[in-house]
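Shown here: coords.txt, compact mmCIF, N, CA and C atoms.
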```txt
# COMPACT_ATOMS: atom_id res chain seq x y z
N GLN A 218 98.03 105.75 153.31
CA GLN A 218 98.52 105.56 154.65
C GLN A 218 100.04 105.75 154.70
N VAL A 219 100.74 105.26 153.71
CA VAL A 219 102.20 105.37 153.72
C VAL A 219 102.64 106.77 153.32
N SER A 220 101.90 107.41 152.44
CA SER A 220 102.35 108.70 151.90
C SER A 220 102.11 109.87 152.86
N ILE A 221 101.16 109.77 153.76
CA ILE A 221 100.84 110.90 154.64
C ILE A 221 102.02 111.26 155.55
N PRO A 222 102.66 110.29 156.21
CA PRO A 222 103.82 110.68 157.04
C PRO A 222 104.96 111.29 156.21
N ILE A 223 105.12 110.80 154.99
CA ILE A 223 106.20 111.34 154.13
C ILE A 223 105.87 112.79 153.77
N ILE A 224 104.63 113.05 153.41
CA ILE A 224 104.22 114.41 153.03
C ILE A 224 104.31 115.35 154.24
N GLU A 225 103.96 114.86 155.45
CA GLU A 225 104.05 115.70 156.65
C GLU A 225 105.51 116.05 156.95
N GLU A 226 106.41 115.10 156.71
CA GLU A 226 107.83 115.33 156.97
C GLU A 226 108.44 116.23 155.91
N GLU A 227 108.14 115.95 154.64
CA GLU A 227 108.67 116.72 153.50
C GLU A 227 107.50 117.10 152.58
N PRO A 228 106.92 118.27 152.71
CA PRO A 228 105.73 118.66 151.93
C PRO A 228 105.95 118.68 150.41
N TRP A 229 107.14 118.94 149.95
CA TRP A 229 107.39 118.99 148.51
C TRP A 229 107.18 117.62 147.85
N THR A 230 107.22 116.52 148.62
CA THR A 230 107.02 115.17 148.04
C THR A 230 105.58 114.95 147.62
N ALA A 231 104.67 115.82 148.07
CA ALA A 231 103.27 115.68 147.66
C ALA A 231 103.15 115.80 146.14
N PHE A 232 103.91 116.72 145.55
CA PHE A 232 103.87 116.88 144.09
C PHE A 232 104.41 115.63 143.39
N LEU A 233 105.48 115.08 143.94
CA LEU A 233 106.08 113.88 143.37
C LEU A 233 105.12 112.70 143.47
N LEU A 234 104.53 112.50 144.65
CA LEU A 234 103.60 111.39 144.84
C LEU A 234 102.34 111.57 143.98
N PHE A 235 101.88 112.81 143.82
CA PHE A 235 100.72 113.08 142.96
C PHE A 235 101.05 112.74 141.50
N ALA A 236 102.24 113.08 141.06
CA ALA A 236 102.66 112.76 139.69
C ALA A 236 102.74 111.24 139.48
N VAL A 237 103.23 110.53 140.49
CA VAL A 237 103.29 109.07 140.41
C VAL A 237 101.88 108.50 140.34
N LEU A 238 100.98 109.02 141.15
CA LEU A 238 99.60 108.56 141.15
C LEU A 238 98.95 108.77 139.78
N ILE A 239 99.13 109.93 139.19
CA ILE A 239 98.57 110.23 137.87
C ILE A 239 99.16 109.30 136.81
N THR A 240 100.46 109.08 136.86
CA THR A 240 101.13 108.22 135.88
C THR A 240 100.61 106.79 135.97
N VAL A 241 100.48 106.28 137.17
CA VAL A 241 99.98 104.91 137.35
C VAL A 241 98.53 104.82 136.86
N ASN A 242 97.71 105.81 137.18
CA ASN A 242 96.31 105.80 136.72
C ASN A 242 96.23 105.84 135.19
N CYS A 243 97.04 106.67 134.57
CA CYS A 243 97.05 106.74 133.11
C CYS A 243 97.50 105.42 132.50
N GLY A 244 98.49 104.79 133.11
CA GLY A 244 98.96 103.50 132.64
C GLY A 244 97.86 102.44 132.72
N LEU A 245 97.14 102.41 133.83
CA LEU A 245 96.05 101.44 133.98
C LEU A 245 94.91 101.72 132.98
N LEU A 246 94.58 102.98 132.82
CA LEU A 246 93.54 103.33 131.84
C LEU A 246 93.97 102.94 130.42
N ASN A 247 95.24 103.14 130.12
CA ASN A 247 95.76 102.76 128.81
C ASN A 247 95.68 101.25 128.62
N LEU A 248 95.97 100.49 129.66
CA LEU A 248 95.90 99.03 129.60
C LEU A 248 94.45 98.58 129.36
N ILE A 249 93.52 99.19 130.05
CA ILE A 249 92.10 98.85 129.87
C ILE A 249 91.65 99.21 128.46
N LEU A 250 92.03 100.37 127.99
CA LEU A 250 91.67 100.80 126.65
C LEU A 250 92.25 99.85 125.60
N THR A 251 93.47 99.40 125.80
CA THR A 251 94.10 98.45 124.88
C THR A 251 93.29 97.16 124.81
N ALA A 252 92.84 96.67 125.94
CA ALA A 252 92.04 95.45 125.96
C ALA A 252 90.73 95.65 125.21
N ILE A 253 90.09 96.80 125.38
CA ILE A 253 88.83 97.08 124.70
C ILE A 253 89.04 97.17 123.19
N VAL A 254 90.08 97.85 122.78
CA VAL A 254 90.37 97.99 121.35
C VAL A 254 90.70 96.64 120.73
N ASP A 255 91.42 95.80 121.46
CA ASP A 255 91.77 94.47 120.96
C ASP A 255 90.52 93.62 120.75
N VAL A 256 89.59 93.67 121.69
CA VAL A 256 88.34 92.93 121.54
C VAL A 256 87.54 93.46 120.35
N ALA A 257 87.49 94.76 120.21
CA ALA A 257 86.76 95.35 119.07
C ALA A 257 87.41 94.97 117.75
N ASN A 258 88.73 94.94 117.71
CA ASN A 258 89.45 94.56 116.49
C ASN A 258 89.18 93.10 116.14
N SER A 259 89.16 92.23 117.13
CA SER A 259 88.85 90.82 116.89
C SER A 259 87.44 90.66 116.36
N ALA A 260 86.50 91.41 116.93
CA ALA A 260 85.11 91.35 116.46
C ALA A 260 85.01 91.83 115.02
N ARG A 261 85.76 92.89 114.68
CA ARG A 261 85.73 93.40 113.31
C ARG A 261 86.30 92.39 112.32
N GLU A 262 87.39 91.72 112.71
CA GLU A 262 87.99 90.73 111.83
C GLU A 262 87.04 89.56 111.59
N SER A 263 86.37 89.10 112.63
CA SER A 263 85.43 87.99 112.45
C SER A 263 84.24 88.45 111.63
N ASP A 264 83.85 89.72 111.77
CA ASP A 264 82.76 90.25 110.96
C ASP A 264 83.18 90.33 109.50
N GLN A 265 84.43 90.69 109.23
CA GLN A 265 84.93 90.74 107.86
C GLN A 265 84.93 89.34 107.25
N LEU A 266 85.32 88.34 108.03
CA LEU A 266 85.30 86.97 107.52
C LEU A 266 83.87 86.54 107.20
N ALA A 267 82.94 86.94 108.05
CA ALA A 267 81.53 86.62 107.79
C ALA A 267 81.05 87.32 106.53
N GLN A 268 81.47 88.56 106.32
CA GLN A 268 81.08 89.28 105.11
C GLN A 268 81.67 88.64 103.86
N ILE A 269 82.91 88.18 103.96
CA ILE A 269 83.53 87.51 102.82
C ILE A 269 82.79 86.22 102.49
N ALA A 270 82.45 85.46 103.52
CA ALA A 270 81.70 84.22 103.31
C ALA A 270 80.32 84.52 102.73
N GLU A 271 79.69 85.58 103.19
CA GLU A 271 78.38 85.96 102.69
C GLU A 271 78.46 86.38 101.22
N LYS A 272 79.50 87.13 100.86
CA LYS A 272 79.67 87.54 99.47
C LYS A 272 79.93 86.33 98.57
N ALA A 273 80.73 85.39 99.07
CA ALA A 273 81.01 84.18 98.28
C ALA A 273 79.72 83.39 98.06
N GLU A 274 78.90 83.29 99.09
CA GLU A 274 77.62 82.58 98.95
C GLU A 274 76.70 83.31 97.99
N ALA A 275 76.65 84.63 98.07
CA ALA A 275 75.82 85.41 97.16
C ALA A 275 76.31 85.25 95.72
N PHE A 276 77.64 85.18 95.54
CA PHE A 276 78.20 84.99 94.20
C PHE A 276 77.78 83.64 93.64
N GLU A 277 77.88 82.60 94.47
CA GLU A 277 77.50 81.26 94.02
C GLU A 277 76.00 81.19 93.72
N GLN A 278 75.20 81.83 94.55
CA GLN A 278 73.75 81.87 94.31
C GLN A 278 73.45 82.60 93.00
N GLY A 279 74.13 83.71 92.77
CA GLY A 279 73.96 84.45 91.52
C GLY A 279 74.36 83.62 90.31
N LYS A 280 75.42 82.87 90.46
CA LYS A 280 75.88 82.01 89.38
C LYS A 280 74.84 80.94 89.05
N ARG A 281 74.27 80.34 90.11
CA ARG A 281 73.23 79.33 89.89
C ARG A 281 72.00 79.94 89.21
N GLU A 282 71.62 81.13 89.66
CA GLU A 282 70.47 81.81 89.06
C GLU A 282 70.74 82.17 87.60
N LEU A 283 71.98 82.59 87.33
CA LEU A 283 72.33 82.93 85.95
C LEU A 283 72.28 81.70 85.05
N LEU A 284 72.76 80.56 85.55
CA LEU A 284 72.68 79.33 84.75
C LEU A 284 71.22 78.95 84.49
N THR A 285 70.38 79.12 85.49
CA THR A 285 68.95 78.84 85.32
C THR A 285 68.35 79.77 84.27
N LEU A 286 68.72 81.06 84.35
CA LEU A 286 68.23 82.02 83.35
C LEU A 286 68.71 81.65 81.95
N CYS A 287 69.96 81.23 81.85
CA CYS A 287 70.50 80.84 80.54
C CYS A 287 69.74 79.66 79.97
N GLU A 288 69.42 78.69 80.83
CA GLU A 288 68.65 77.53 80.36
C GLU A 288 67.25 77.96 79.89
N GLU A 289 66.66 78.93 80.60
CA GLU A 289 65.35 79.43 80.18
C GLU A 289 65.43 80.18 78.86
N LEU A 290 66.52 80.90 78.63
CA LEU A 290 66.67 81.68 77.39
C LEU A 290 67.00 80.79 76.20
N ASP A 291 67.63 79.66 76.46
CA ASP A 291 68.09 78.76 75.40
C ASP A 291 66.89 77.95 74.88
N LEU A 292 66.19 78.52 73.92
CA LEU A 292 64.96 77.90 73.43
C LEU A 292 65.21 76.62 72.63
N ASP A 293 66.35 76.53 71.93
CA ASP A 293 66.64 75.32 71.15
C ASP A 293 67.44 74.29 71.94
N HIS A 294 67.71 74.56 73.21
CA HIS A 294 68.43 73.65 74.12
C HIS A 294 69.77 73.19 73.54
N SER A 295 70.49 74.14 72.96
CA SER A 295 71.78 73.83 72.34
C SER A 295 72.94 73.98 73.31
N GLY A 296 72.68 74.52 74.47
CA GLY A 296 73.75 74.76 75.43
C GLY A 296 74.40 76.12 75.24
N SER A 297 73.88 76.89 74.30
CA SER A 297 74.40 78.23 74.07
C SER A 297 73.23 79.15 73.73
N ILE A 298 73.50 80.44 73.84
CA ILE A 298 72.46 81.44 73.61
C ILE A 298 72.86 82.29 72.41
N SER A 299 71.93 82.40 71.47
CA SER A 299 72.19 83.24 70.31
C SER A 299 71.78 84.67 70.64
N TYR A 300 72.16 85.57 69.75
CA TYR A 300 71.80 86.98 69.94
C TYR A 300 70.27 87.13 69.96
N ALA A 301 69.60 86.41 69.07
CA ALA A 301 68.13 86.49 69.00
C ALA A 301 67.50 85.97 70.28
N GLU A 302 68.04 84.89 70.83
CA GLU A 302 67.50 84.34 72.08
C GLU A 302 67.70 85.32 73.23
N MET A 303 68.84 86.00 73.22
CA MET A 303 69.08 86.98 74.27
C MET A 303 68.10 88.15 74.15
N CYS A 304 67.86 88.63 72.95
CA CYS A 304 66.91 89.72 72.75
C CYS A 304 65.50 89.29 73.13
N ARG A 305 65.12 88.09 72.72
CA ARG A 305 63.80 87.57 73.05
C ARG A 305 63.67 87.40 74.56
N GLY A 306 64.72 86.96 75.20
CA GLY A 306 64.71 86.81 76.65
C GLY A 306 64.51 88.14 77.36
N PHE A 307 65.12 89.18 76.84
CA PHE A 307 64.95 90.50 77.44
C PHE A 307 63.50 90.96 77.32
N ASP A 308 62.89 90.66 76.16
CA ASP A 308 61.51 91.08 75.93
C ASP A 308 60.50 90.23 76.69
N GLU A 309 60.78 88.93 76.84
CA GLU A 309 59.76 88.01 77.35
C GLU A 309 60.04 87.47 78.76
N ASN A 310 61.27 87.55 79.22
CA ASN A 310 61.60 86.98 80.53
C ASN A 310 61.80 88.13 81.53
N PRO A 311 60.84 88.36 82.41
CA PRO A 311 60.95 89.50 83.32
C PRO A 311 62.15 89.41 84.28
N ARG A 312 62.53 88.20 84.69
CA ARG A 312 63.69 88.06 85.59
C ARG A 312 64.97 88.47 84.87
N PHE A 313 65.10 88.05 83.62
CA PHE A 313 66.30 88.41 82.85
C PHE A 313 66.34 89.91 82.61
N ALA A 314 65.20 90.47 82.23
CA ALA A 314 65.14 91.91 81.99
C ALA A 314 65.45 92.69 83.26
N ALA A 315 64.90 92.23 84.40
CA ALA A 315 65.14 92.93 85.67
C ALA A 315 66.62 92.85 86.06
N THR A 316 67.23 91.70 85.83
CA THR A 316 68.65 91.54 86.15
C THR A 316 69.50 92.49 85.32
N LEU A 317 69.20 92.58 84.05
CA LEU A 317 69.96 93.49 83.18
C LEU A 317 69.71 94.95 83.54
N MET A 318 68.47 95.28 83.88
CA MET A 318 68.16 96.66 84.26
C MET A 318 68.87 97.06 85.55
N LEU A 319 69.04 96.10 86.47
CA LEU A 319 69.79 96.39 87.70
C LEU A 319 71.23 96.76 87.38
N MET A 320 71.74 96.21 86.29
CA MET A 320 73.11 96.50 85.88
C MET A 320 73.16 97.67 84.89
N ASP A 321 72.04 98.39 84.74
CA ASP A 321 71.93 99.52 83.82
C ASP A 321 72.22 99.12 82.37
N VAL A 322 71.78 97.92 82.01
CA VAL A 322 71.94 97.45 80.63
C VAL A 322 70.62 97.61 79.92
N THR A 323 70.66 98.29 78.78
CA THR A 323 69.46 98.46 77.96
C THR A 323 69.58 97.60 76.71
N ARG A 324 68.51 97.55 75.96
CA ARG A 324 68.52 96.75 74.73
C ARG A 324 69.55 97.31 73.74
N ASN A 325 69.79 98.60 73.79
CA ASN A 325 70.78 99.22 72.90
C ASN A 325 72.20 98.75 73.20
N ASP A 326 72.43 98.25 74.41
CA ASP A 326 73.76 97.79 74.80
C ASP A 326 74.04 96.34 74.39
N PHE A 327 73.04 95.64 73.86
CA PHE A 327 73.19 94.21 73.59
C PHE A 327 74.32 93.90 72.60
N HIS A 328 74.49 94.72 71.57
CA HIS A 328 75.55 94.45 70.59
C HIS A 328 76.91 94.44 71.28
N ILE A 329 77.13 95.41 72.13
CA ILE A 329 78.41 95.51 72.83
C ILE A 329 78.59 94.33 73.79
N ILE A 330 77.57 94.07 74.59
CA ILE A 330 77.66 92.99 75.59
C ILE A 330 77.80 91.64 74.92
N TYR A 331 77.00 91.40 73.89
CA TYR A 331 77.08 90.11 73.21
C TYR A 331 78.45 89.92 72.58
N GLY A 332 79.00 90.98 72.02
CA GLY A 332 80.34 90.89 71.45
C GLY A 332 81.40 90.55 72.49
N MET A 333 81.23 91.10 73.68
CA MET A 333 82.17 90.80 74.77
C MET A 333 81.99 89.37 75.27
N LEU A 334 80.75 88.91 75.35
CA LEU A 334 80.49 87.57 75.86
C LEU A 334 80.90 86.49 74.86
N ASP A 335 80.76 86.78 73.59
CA ASP A 335 81.09 85.81 72.56
C ASP A 335 82.60 85.84 72.30
N GLU A 336 83.34 85.23 73.21
CA GLU A 336 84.81 85.31 73.17
C GLU A 336 85.41 84.70 71.92
N ASP A 337 84.80 83.61 71.44
CA ASP A 337 85.37 82.93 70.27
C ASP A 337 84.73 83.37 68.95
N SER A 338 83.88 84.39 68.99
CA SER A 338 83.21 84.96 67.80
C SER A 338 82.45 83.91 67.00
N SER A 339 81.83 82.97 67.71
CA SER A 339 81.09 81.90 67.04
C SER A 339 79.65 82.28 66.75
N GLY A 340 79.19 83.39 67.28
CA GLY A 340 77.80 83.78 67.11
C GLY A 340 76.90 83.17 68.17
N LYS A 341 77.48 82.38 69.05
CA LYS A 341 76.74 81.76 70.15
C LYS A 341 77.53 82.00 71.43
N VAL A 342 76.81 82.17 72.52
CA VAL A 342 77.44 82.34 73.83
C VAL A 342 77.06 81.13 74.67
N THR A 343 78.07 80.33 75.00
CA THR A 343 77.78 79.17 75.85
C THR A 343 77.52 79.65 77.27
N TYR A 344 76.89 78.81 78.05
CA TYR A 344 76.56 79.19 79.43
C TYR A 344 77.81 79.55 80.21
N ARG A 345 78.89 78.89 79.94
CA ARG A 345 80.14 79.12 80.67
C ARG A 345 80.86 80.38 80.21
N GLU A 346 80.60 80.83 78.97
CA GLU A 346 81.23 82.06 78.49
C GLU A 346 80.64 83.21 79.27
```
What does the file become when written as structure tokens?
Amino acid sequence: QVSIPIIEEEPWTAFLLFAVLITVNCGLLNLILTAIVDVANSARESDQLAQIAEKAEAFEQGKRELLTLCEELDLDHSGSISYAEMCRGFDENPRFAATLMLMDVTRNDFHIIYGMLDEDSSGKVTYRE
């Protein structure tokens, strides 16, 4: 309503007013897009926190399962696992064998793994080692 008399009086102002209209529209669209991106970013951050919490819970669950497996492998209930107990566990305990196979560990790798686990070279691997 305000721009029509101005354009009728000075036609060249139509280009100026059109440019102002486009600039204002782009600014508003940019503001809306910023709000959308901000909401998406907040959702992603909360999703990352949920994933971190989920990984921590999975780690704790894995740790509990590993302790249970160690207790099952420890036939003499000494609190540690010998090389023979570990080999026997691989042959006789399907959960232990499946866990190792998921990690691409074969029976041929036991010497290397046992050597790494036996930090104090005592010939026994405690549950905590």
Alpha helix (DSSP H) residues, from DSSP on the backbone, in chain A, as a PyMOL selection string: chain A and resi 220-226+230-290+300-309+311-319+327-334
Test item: residues at most 9 Å from Leu283 of chain A, only C-alpha atoms, excluding those fewer than 5 positions along its chain, as a list in words: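 Listed by chain and then number, they are Gln278, Glu288, Phe313 and Tyr344 of chain A.
Residues lying within 12 Å of Ile221 of chain A, counting only C-alpha atoms and ignoring same-chain neighbours fewer than 5 positions away, are Glu226, Glu227, Pro228, Thr230, Ala231, Leu234 and Phe235 of chain A.
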8 Å contact set for segment 326-340 of chain A, all atoms listed in the file, chain neighbours under 5 positions out, as a VMD selection string: chain A and resid 297 to 300 303 to 304 321 346
Point-to-point distance in Å for atom CA of Arg324 of chain A and atom C of Arg305 of chain A: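 Interatomic distance, atom C of Arg305 of chain A to atom CA of Arg324 of chain A: 10.5 Å.
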Between atom CA of Leu284 of chain A and atom CA of Gly296 of chain A - distance in Å to one decimal: 10.4 Å
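Counting from atom C of Ser295 of chain A, the distance to atom N of Lys341 of chain A is 10.5 Å.
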Expected answer as number ranges by chain: strand (DSSP E or B) residues in segment 222-343 of chain A: A: 297-299, 341-343
So that I have them on file, write out the residues from the current selection with N, CA and C atoms, as a PDB file, in the frame of the given file.
```pdb
ATOM      1  N   SER A 297      73.880  76.890  74.300  1.00  0.00           N
ATOM      2  CA  SER A 297      74.400  78.230  74.070  1.00  0.00           C
ATOM      3  C   SER A 297      73.230  79.150  73.730  1.00  0.00           C
ATOM      4  N   ILE A 298      73.500  80.440  73.840  1.00  0.00           N
ATOM      5  CA  ILE A 298      72.460  81.440  73.610  1.00  0.00           C
ATOM      6  C   ILE A 298      72.860  82.290  72.410  1.00  0.00           C
ATOM      7  N   SER A 299      71.930  82.400  71.470  1.00  0.00           N
ATOM      8  CA  SER A 299      72.190  83.240  70.310  1.00  0.00           C
ATOM      9  C   SER A 299      71.780  84.670  70.640  1.00  0.00           C
ATOM     10  N   LYS A 341      77.480  82.380  69.050  1.00  0.00           N
ATOM     11  CA  LYS A 341      76.740  81.760  70.150  1.00  0.00           C
ATOM     12  C   LYS A 341      77.530  82.000  71.430  1.00  0.00           C
ATOM     13  N   VAL A 342      76.810  82.170  72.520  1.00  0.00           N
ATOM     14  CA  VAL A 342      77.440  82.340  73.830  1.00  0.00           C
ATOM     15  C   VAL A 342      77.060  81.130  74.670  1.00  0.00           C
ATOM     16  N   THR A 343      78.070  80.330  75.000  1.00  0.00           N
ATOM     17  CA  THR A 343      77.780  79.170  75.850  1.00  0.00           C
ATOM     18  C   THR A 343      77.520  79.650  77.270  1.00  0.00           C
TER      19      THR A 343
END
```
Nearest-residue call for Leu290 of chain A, choices A:Phe276, A:Val254, A:Asn247, A:Asn310, using only N, CA and C atoms: A:Asn310
Enclose the full set of atoms of segment 238-251 of chain A listed in the file within a box whose edges lie along x, y and z, apply 6 Å of padding to each of the six sides, and report centre and edge lengths in Å to one decimal as JSON.
```
{"center_x": 96.4, "center_y": 103.7, "center_z": 133.0, "size_x": 21.5, "size_y": 25.1, "size_z": 28.3}
```
